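Reviewing the structure listed below.
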Amino acid sequence: MTDTVKQPALIDESAKFRLQKLHQAVFWCSMRGSPHHWITSYAFADGIVEVDGGRYAGISLDMFQPVAHKNQPPGENKNLFGTLRFGARKENVLMSKNPAFMVMLAFKTKITVQELYNLVVGNKLHLYQYSPAGSGCMYWQSQLLKKFVVKGWLAQEDLAKLFKSLEAYAKQKGSQAVPYPPVEGKYYNI
């Protein structure tokens, strides 16, 4: 299986921020593409953090299908492997300036970037394949948020409200733009 992986499973831009505390998650999607692309961003509890001359508002977790994978011809050997960008987000761009959908989720307790990194990498959540139709980012993000509830970081009620809002948004936009329930990809081992 690993010989078909063309892009790294993880792009980690968070090393300089590992001790920073996070106080909220933002579940959002960009307006580009159909289906929509889903991302979670996380705001630093201390607001703006200066590192190496840059000003940062937080980090984001973006599970995406690399262009090199998307542009393959259809067939049995289509590369469905995703890449997780554990990215730093600059000041004023914690998320898109015009997200098509956005819900802020307050953490029950502040967590560090390191704790989030450990949860994702320790559970191999970055090892993910998209569905054969090329969808799966919403599913990946929703599974991550469910793990936050299990860890006690996020209230179950808040997650239930998010899913209710997401279902309503999906009905409004239609299944081409927002497949709901989320299309499942699958996790793999290397």
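Lettering and numbering for the structure tokens are positional, with chains as A, B, ... in the shown order, residues counted from 1 in each chain, and ligands counted from 1 in the shown order.
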Closest pair table for range 135-179 of chain A residues within 9 Å of range 88-106 of chain A, only C-alpha atoms, as JSON lines:
```
{"residue": "A:Trp153", "atom": "CA", "partner": "A:Ala106", "partner_atom": "CA", "distance": 8.8}
{"residue": "A:Leu154", "atom": "CA", "partner": "A:Ala106", "partner_atom": "CA", "distance": 7.1}
{"residue": "A:Ala155", "atom": "CA", "partner": "A:Ala106", "partner_atom": "CA", "distance": 8.5}
{"residue": "A:Asp158", "atom": "CA", "partner": "A:Leu105", "partner_atom": "CA", "distance": 6.8}
{"residue": "A:Leu159", "atom": "CA", "partner": "A:Leu105", "partner_atom": "CA", "distance": 7.9}
{"residue": "A:Leu162", "atom": "CA", "partner": "A:Val103", "partner_atom": "CA", "distance": 6.8}
{"residue": "A:Ser165", "atom": "CA", "partner": "A:Val103", "partner_atom": "CA", "distance": 8.5}
{"residue": "A:Leu166", "atom": "CA", "partner": "A:Phe101", "partner_atom": "CA", "distance": 8.2}
{"residue": "A:Tyr169", "atom": "CA", "partner": "A:Phe101", "partner_atom": "CA", "distance": 7.8}
```
Could you please take those selected residues and save C-alpha atoms as a short mmCIF file (atom, residue, chain, number, x, y, z; two decimals), in the first residue's frame?
```
data_model
loop_
_atom_site.label_atom_id
_atom_site.label_comp_id
_atom_site.auth_asym_id
_atom_site.auth_seq_id
_atom_site.Cartn_x
_atom_site.Cartn_y
_atom_site.Cartn_z
CA TRP A 153 -12.03 18.85 25.61
CA LEU A 154 -15.37 19.60 23.96
CA ALA A 155 -18.97 19.34 25.24
CA ASP A 158 -21.81 21.65 21.38
CA LEU A 159 -20.87 18.92 18.92
CA LEU A 162 -22.67 21.68 15.15
CA SER A 165 -26.34 23.17 11.85
CA LEU A 166 -24.27 21.22 9.35
CA TYR A 169 -26.59 23.77 5.72
#
```
For a test of reading the model, state the distance in Å between CA of Gly185 in chain A and CA of Phe17 in chain A, rounded to one decimal. 29.2 Å
So that I can check the surroundings of range 128-140 of chain A, please list as a PyMOL selection string every protein, DNA and RNA residue that reaches within 7 Å of it, counting only C-alpha atoms and ignoring chain neighbours fewer than 3 positions away. chain A and resi 37-38+63-64+80-82+125+143-144+182-188
Would you export the selected residues with C-alpha atoms as a PDB file, in the first residue's frame, please?
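And here is the file that came out, out-v2.pdb:
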```pdb
ATOM      1  CA  HIS A  37     -13.656  21.586   1.559  1.00  0.00           C
ATOM      2  CA  TRP A  38     -13.768  21.374   5.386  1.00  0.00           C
ATOM      3  CA  MET A  63      -6.891  17.053   5.577  1.00  0.00           C
ATOM      4  CA  PHE A  64      -6.745  17.413   1.814  1.00  0.00           C
ATOM      5  CA  LEU A  80      -6.852   8.334  -2.675  1.00  0.00           C
ATOM      6  CA  PHE A  81      -4.253   9.064   0.015  1.00  0.00           C
ATOM      7  CA  GLY A  82      -4.757  12.332   1.859  1.00  0.00           C
ATOM      8  CA  LEU A 125      -5.309   9.996  12.279  1.00  0.00           C
ATOM      9  CA  GLN A 143     -14.184  12.164  13.619  1.00  0.00           C
ATOM     10  CA  LEU A 144     -11.498  14.400  15.122  1.00  0.00           C
ATOM     11  CA  PRO A 182     -20.311  12.946   5.554  1.00  0.00           C
ATOM     12  CA  VAL A 183     -18.784  10.642   2.968  1.00  0.00           C
ATOM     13  CA  GLU A 184     -16.465   8.234   4.781  1.00  0.00           C
ATOM     14  CA  GLY A 185     -12.879   7.809   3.836  1.00  0.00           C
ATOM     15  CA  LYS A 186     -10.808   5.247   5.677  1.00  0.00           C
ATOM     16  CA  TYR A 187      -7.775   5.168   7.913  1.00  0.00           C
ATOM     17  CA  TYR A 188      -4.831   2.965   6.974  1.00  0.00           C
TER      18      TYR A 188
END
```
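Ranking A:Ala15, A:Val149, A:Ala9, A:Ala57 by their shortest atom-to-atom distance to Asn118 in chain A, with only C-alpha atoms included, puts A:Ala15 first.
Here the DSSP assignment of helix (DSSP H, G or I), based on backbone atoms, applies within range 80-149 of chain A to Val113, Gln114, Glu115, Leu116, Tyr117, Asn118, Leu119, Val120, Val121, Gly122, Cys137, Met138, Tyr139, Trp140, Gln141, Ser142, Gln143, Leu144, Leu145, Lys146, Lys147, Phe148 and Val149 of chain A.
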So, counting only C-alpha atoms, which residue among A:Glu13, A:Val26, A:Ile48, A:Asn189 is closest to Leu127 in chain A? A:Asn189
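With only C-alpha atoms taken into account, the protein and nucleic acid residues at most 9 Å from Pro35 in chain A (excluding it and anything under 3 positions from it in its own chain) are Arg32, Ser135, Ser175, Gln176, Ala177, Val178 and Pro179 of chain A.
In this model, the gap between CA of Val51 in chain A and CA of Gly122 in chain A comes to 26.1 Å.
Interatomic distance, CA of Val113 in chain A to CA of Gly53 in chain A: 19.9 Å.
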For each of A:His126, A:Lys171, A:Lys151, A:His23, take the minimum atom-to-atom distance to Gly58 in chain A, counting only C-alpha atoms, then give the residue where this is smallest. A:His23
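The closest residue to Lys124 in chain A, picked from A:Ile190, A:Phe86, A:Glu157, A:Ser34 and counting only C-alpha atoms, is A:Ile190.
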